Amino acid sequence: MFEFLLEILGELVLQVVFEALAELGLRSIAAPFRRPRNPWLAAIGYGIFGAAAGGLSLWVMPSHLVRTEGLRFANLLLTPVAVGLLMCAVGAWRTRRGQPLLRIDRFAYGYLFALSLALIRYGFAK
């Protein structure tokens, strides 16, 4: 049971780290482009960034952290939701502090980024 919790926690931490790095990078890049963009194009962009982060995570950690197929599928469904909720909480925290929000600070975009990352890991990890 402890090993199962560690595996799931490892996948969650991996996705949160890549999400945080993406937000940091996007925050620094976004400054010159402050005018609002099309949300559908932004969603496609976050999907692409998530897939790229998933590919990069395979280079760093090529094997699954969760060993059994059923738990991998459960991880594919649950971890992006948890990361989306975490990004929503980060967005609320930034709002309380008066900081500007990026789209990734909202549930849907955080979820999409994490889902893309998880799909790449699910499909291509050893």
# chains A, B, ... in the order shown; residues from 1 in each chain; ligands from 1
call {"tool": "residues_around", "arguments": {"residues": "segment 66-81 of chain A", "least_positions_apart": "4", "cutoff": "7 Å", "atoms": "only C-alpha atoms", "output": "PDB file with N, CA and C atoms, in the first residue's frame"}}
result
ATOM      1  N   GLU A   7       4.163   5.708  -5.554  1.00  0.00           N
ATOM      2  CA  GLU A   7       4.126   5.765  -7.019  1.00  0.00           C
ATOM      3  C   GLU A   7       3.203   6.878  -7.499  1.00  0.00           C
ATOM      4  N   ILE A   8       2.008   6.933  -6.931  1.00  0.00           N
ATOM      5  CA  ILE A   8       1.043   7.965  -7.319  1.00  0.00           C
ATOM      6  C   ILE A   8       1.567   9.348  -6.964  1.00  0.00           C
ATOM      7  N   LEU A  12       2.395  12.584  -9.454  1.00  0.00           N
ATOM      8  CA  LEU A  12       1.826  13.899  -9.174  1.00  0.00           C
ATOM      9  C   LEU A  12       2.929  14.941  -9.050  1.00  0.00           C
ATOM     10  N   LEU A  85      -6.655  21.252 -10.239  1.00  0.00           N
ATOM     11  CA  LEU A  85      -7.132  21.861  -8.993  1.00  0.00           C
ATOM     12  C   LEU A  85      -6.011  22.623  -8.286  1.00  0.00           C
ATOM     13  N   TYR A 111      -5.285  21.602 -16.285  1.00  0.00           N
ATOM     14  CA  TYR A 111      -5.706  20.232 -16.549  1.00  0.00           C
ATOM     15  C   TYR A 111      -5.244  19.786 -17.931  1.00  0.00           C
ATOM     16  N   ALA A 114      -1.483  19.128 -17.959  1.00  0.00           N
ATOM     17  CA  ALA A 114      -1.161  17.896 -17.229  1.00  0.00           C
ATOM     18  C   ALA A 114      -1.674  16.661 -17.959  1.00  0.00           C
ATOM     19  N   LEU A 115      -2.843  16.744 -18.591  1.00  0.00           N
ATOM     20  CA  LEU A 115      -3.378  15.612 -19.334  1.00  0.00           C
ATOM     21  C   LEU A 115      -2.484  15.279 -20.529  1.00  0.00           C
ATOM     22  N   ALA A 118       0.558  13.596 -19.185  1.00  0.00           N
ATOM     23  CA  ALA A 118       0.240  12.241 -18.722  1.00  0.00           C
ATOM     24  C   ALA A 118      -0.024  11.287 -19.887  1.00  0.00           C
ATOM     25  N   LEU A 119      -0.664  11.767 -20.944  1.00  0.00           N
ATOM     26  CA  LEU A 119      -0.918  10.916 -22.105  1.00  0.00           C
ATOM     27  C   LEU A 119       0.377  10.477 -22.779  1.00  0.00           C
TER      28      LEU A 119
END
call {"tool": "residues_around", "arguments": {"residues": "Leu58 of chain A", "least_positions_apart": "3", "cutoff": "7 Å", "atoms": "only C-alpha atoms", "output": "JSON, numbers by chain"}}
result
{"A": [54, 55, 61, 62, 121, 125]}
call {"tool": "select_by_dssp", "arguments": {"residues": "chain A", "states": "helix (DSSP H, G or I)", "output": "PyMOL selection string"}}
result
chain A and resi 2-30+39-60+69-96+103-105+107-124
call {"tool": "write_last_selection", "arguments": {"atoms": "C-alpha atoms", "output": "mmCIF file, in the first residue's frame"}}
result
data_model
loop_
_atom_site.group_PDB
_atom_site.id
_atom_site.type_symbol
_atom_site.label_atom_id
_atom_site.label_comp_id
_atom_site.auth_asym_id
_atom_site.auth_seq_id
_atom_site.Cartn_x
_atom_site.Cartn_y
_atom_site.Cartn_z
ATOM 1 C CA PHE A 2 2.824 2.379 0.876
ATOM 2 C CA GLU A 3 4.527 1.639 -2.451
ATOM 3 C CA PHE A 4 1.290 2.438 -4.307
ATOM 4 C CA LEU A 5 0.967 5.795 -2.554
ATOM 5 C CA LEU A 6 4.606 6.573 -3.310
ATOM 6 C CA GLU A 7 4.126 5.765 -7.019
ATOM 7 C CA ILE A 8 1.043 7.965 -7.319
ATOM 8 C CA LEU A 9 2.702 10.753 -5.365
ATOM 9 C CA GLY A 10 5.757 10.499 -7.630
ATOM 10 C CA GLU A 11 3.635 10.953 -10.764
ATOM 11 C CA LEU A 12 1.826 13.899 -9.174
ATOM 12 C CA VAL A 13 5.093 15.558 -8.126
ATOM 13 C CA LEU A 14 6.561 15.002 -11.610
ATOM 14 C CA GLN A 15 3.600 16.731 -13.249
ATOM 15 C CA VAL A 16 3.535 19.562 -10.718
ATOM 16 C CA VAL A 17 7.255 20.226 -11.238
ATOM 17 C CA PHE A 18 6.843 20.403 -15.013
ATOM 18 C CA GLU A 19 3.736 22.571 -14.613
ATOM 19 C CA ALA A 20 5.620 24.966 -12.320
ATOM 20 C CA LEU A 21 8.529 25.160 -14.754
ATOM 21 C CA ALA A 22 6.110 25.836 -17.600
ATOM 22 C CA GLU A 23 4.373 28.569 -15.630
ATOM 23 C CA LEU A 24 7.688 30.163 -14.735
ATOM 24 C CA GLY A 25 8.801 30.115 -18.355
ATOM 25 C CA LEU A 26 5.458 31.355 -19.657
ATOM 26 C CA ARG A 27 5.328 34.130 -17.062
ATOM 27 C CA SER A 28 8.684 35.454 -18.232
ATOM 28 C CA ILE A 29 7.741 35.159 -21.912
ATOM 29 C CA ALA A 30 4.219 36.588 -21.510
ATOM 30 C CA PRO A 39 -8.673 30.859 -25.753
ATOM 31 C CA TRP A 40 -8.862 27.975 -28.263
ATOM 32 C CA LEU A 41 -5.396 28.753 -29.590
ATOM 33 C CA ALA A 42 -4.146 29.014 -26.025
ATOM 34 C CA ALA A 43 -5.652 25.594 -25.253
ATOM 35 C CA ILE A 44 -3.881 24.083 -28.259
ATOM 36 C CA GLY A 45 -0.651 25.724 -27.131
ATOM 37 C CA TYR A 46 -0.952 24.338 -23.602
ATOM 38 C CA GLY A 47 -1.660 20.894 -25.046
ATOM 39 C CA ILE A 48 1.490 21.135 -27.157
ATOM 40 C CA PHE A 49 3.555 22.411 -24.215
ATOM 41 C CA GLY A 50 2.234 19.555 -22.050
ATOM 42 C CA ALA A 51 3.113 16.980 -24.697
ATOM 43 C CA ALA A 52 6.599 18.480 -25.014
ATOM 44 C CA ALA A 53 7.002 18.365 -21.236
ATOM 45 C CA GLY A 54 5.873 14.732 -21.321
ATOM 46 C CA GLY A 55 8.534 13.970 -23.923
ATOM 47 C CA LEU A 56 11.147 15.739 -21.851
ATOM 48 C CA SER A 57 10.060 13.807 -18.757
ATOM 49 C CA LEU A 58 10.576 10.566 -20.699
ATOM 50 C CA TRP A 59 14.121 11.618 -21.417
ATOM 51 C CA VAL A 60 14.725 12.300 -17.714
ATOM 52 C CA GLU A 69 -1.610 -1.148 -15.883
ATOM 53 C CA GLY A 70 -4.850 -0.492 -13.986
ATOM 54 C CA LEU A 71 -3.180 1.990 -11.661
ATOM 55 C CA ARG A 72 -1.488 3.699 -14.629
ATOM 56 C CA PHE A 73 -4.899 4.254 -16.180
ATOM 57 C CA ALA A 74 -6.293 5.556 -12.886
ATOM 58 C CA ASN A 75 -3.264 7.840 -12.670
ATOM 59 C CA LEU A 76 -3.969 9.068 -16.209
ATOM 60 C CA LEU A 77 -7.484 10.056 -15.141
ATOM 61 C CA LEU A 78 -6.889 11.399 -11.631
ATOM 62 C CA THR A 79 -3.501 13.138 -11.664
ATOM 63 C CA PRO A 80 -4.416 15.791 -14.293
ATOM 64 C CA VAL A 81 -7.529 16.639 -12.258
ATOM 65 C CA ALA A 82 -5.392 17.025 -9.123
ATOM 66 C CA VAL A 83 -2.884 19.203 -10.982
ATOM 67 C CA GLY A 84 -5.703 21.311 -12.465
ATOM 68 C CA LEU A 85 -7.132 21.861 -8.993
ATOM 69 C CA LEU A 86 -3.670 22.757 -7.708
ATOM 70 C CA MET A 87 -3.218 25.303 -10.490
ATOM 71 C CA CYS A 88 -6.654 26.718 -9.680
ATOM 72 C CA ALA A 89 -5.503 27.116 -6.065
ATOM 73 C CA VAL A 90 -2.299 28.813 -7.269
ATOM 74 C CA GLY A 91 -4.443 31.182 -9.346
ATOM 75 C CA ALA A 92 -6.587 32.033 -6.315
ATOM 76 C CA TRP A 93 -3.448 32.600 -4.247
ATOM 77 C CA ARG A 94 -2.024 34.917 -6.937
ATOM 78 C CA THR A 95 -5.321 36.820 -7.101
ATOM 79 C CA ARG A 96 -5.278 37.404 -3.335
ATOM 80 C CA ARG A 103 -4.247 31.146 -18.334
ATOM 81 C CA ILE A 104 -2.396 28.194 -16.800
ATOM 82 C CA ASP A 105 -3.487 29.502 -13.390
ATOM 83 C CA PHE A 107 -8.281 24.738 -13.878
ATOM 84 C CA ALA A 108 -8.992 23.996 -17.549
ATOM 85 C CA TYR A 109 -5.587 25.055 -18.857
ATOM 86 C CA GLY A 110 -3.689 23.411 -16.001
ATOM 87 C CA TYR A 111 -5.706 20.232 -16.549
ATOM 88 C CA LEU A 112 -5.048 20.268 -20.292
ATOM 89 C CA PHE A 113 -1.301 20.734 -19.797
ATOM 90 C CA ALA A 114 -1.161 17.896 -17.229
ATOM 91 C CA LEU A 115 -3.378 15.612 -19.334
ATOM 92 C CA SER A 116 -1.133 16.059 -22.377
ATOM 93 C CA LEU A 117 1.926 15.304 -20.261
ATOM 94 C CA ALA A 118 0.240 12.241 -18.722
ATOM 95 C CA LEU A 119 -0.918 10.916 -22.105
ATOM 96 C CA ILE A 120 2.615 11.045 -23.493
ATOM 97 C CA ARG A 121 3.998 9.281 -20.403
ATOM 98 C CA TYR A 122 1.189 6.720 -20.475
ATOM 99 C CA GLY A 123 1.770 5.903 -24.121
ATOM 100 C CA PHE A 124 5.548 5.969 -24.352
#
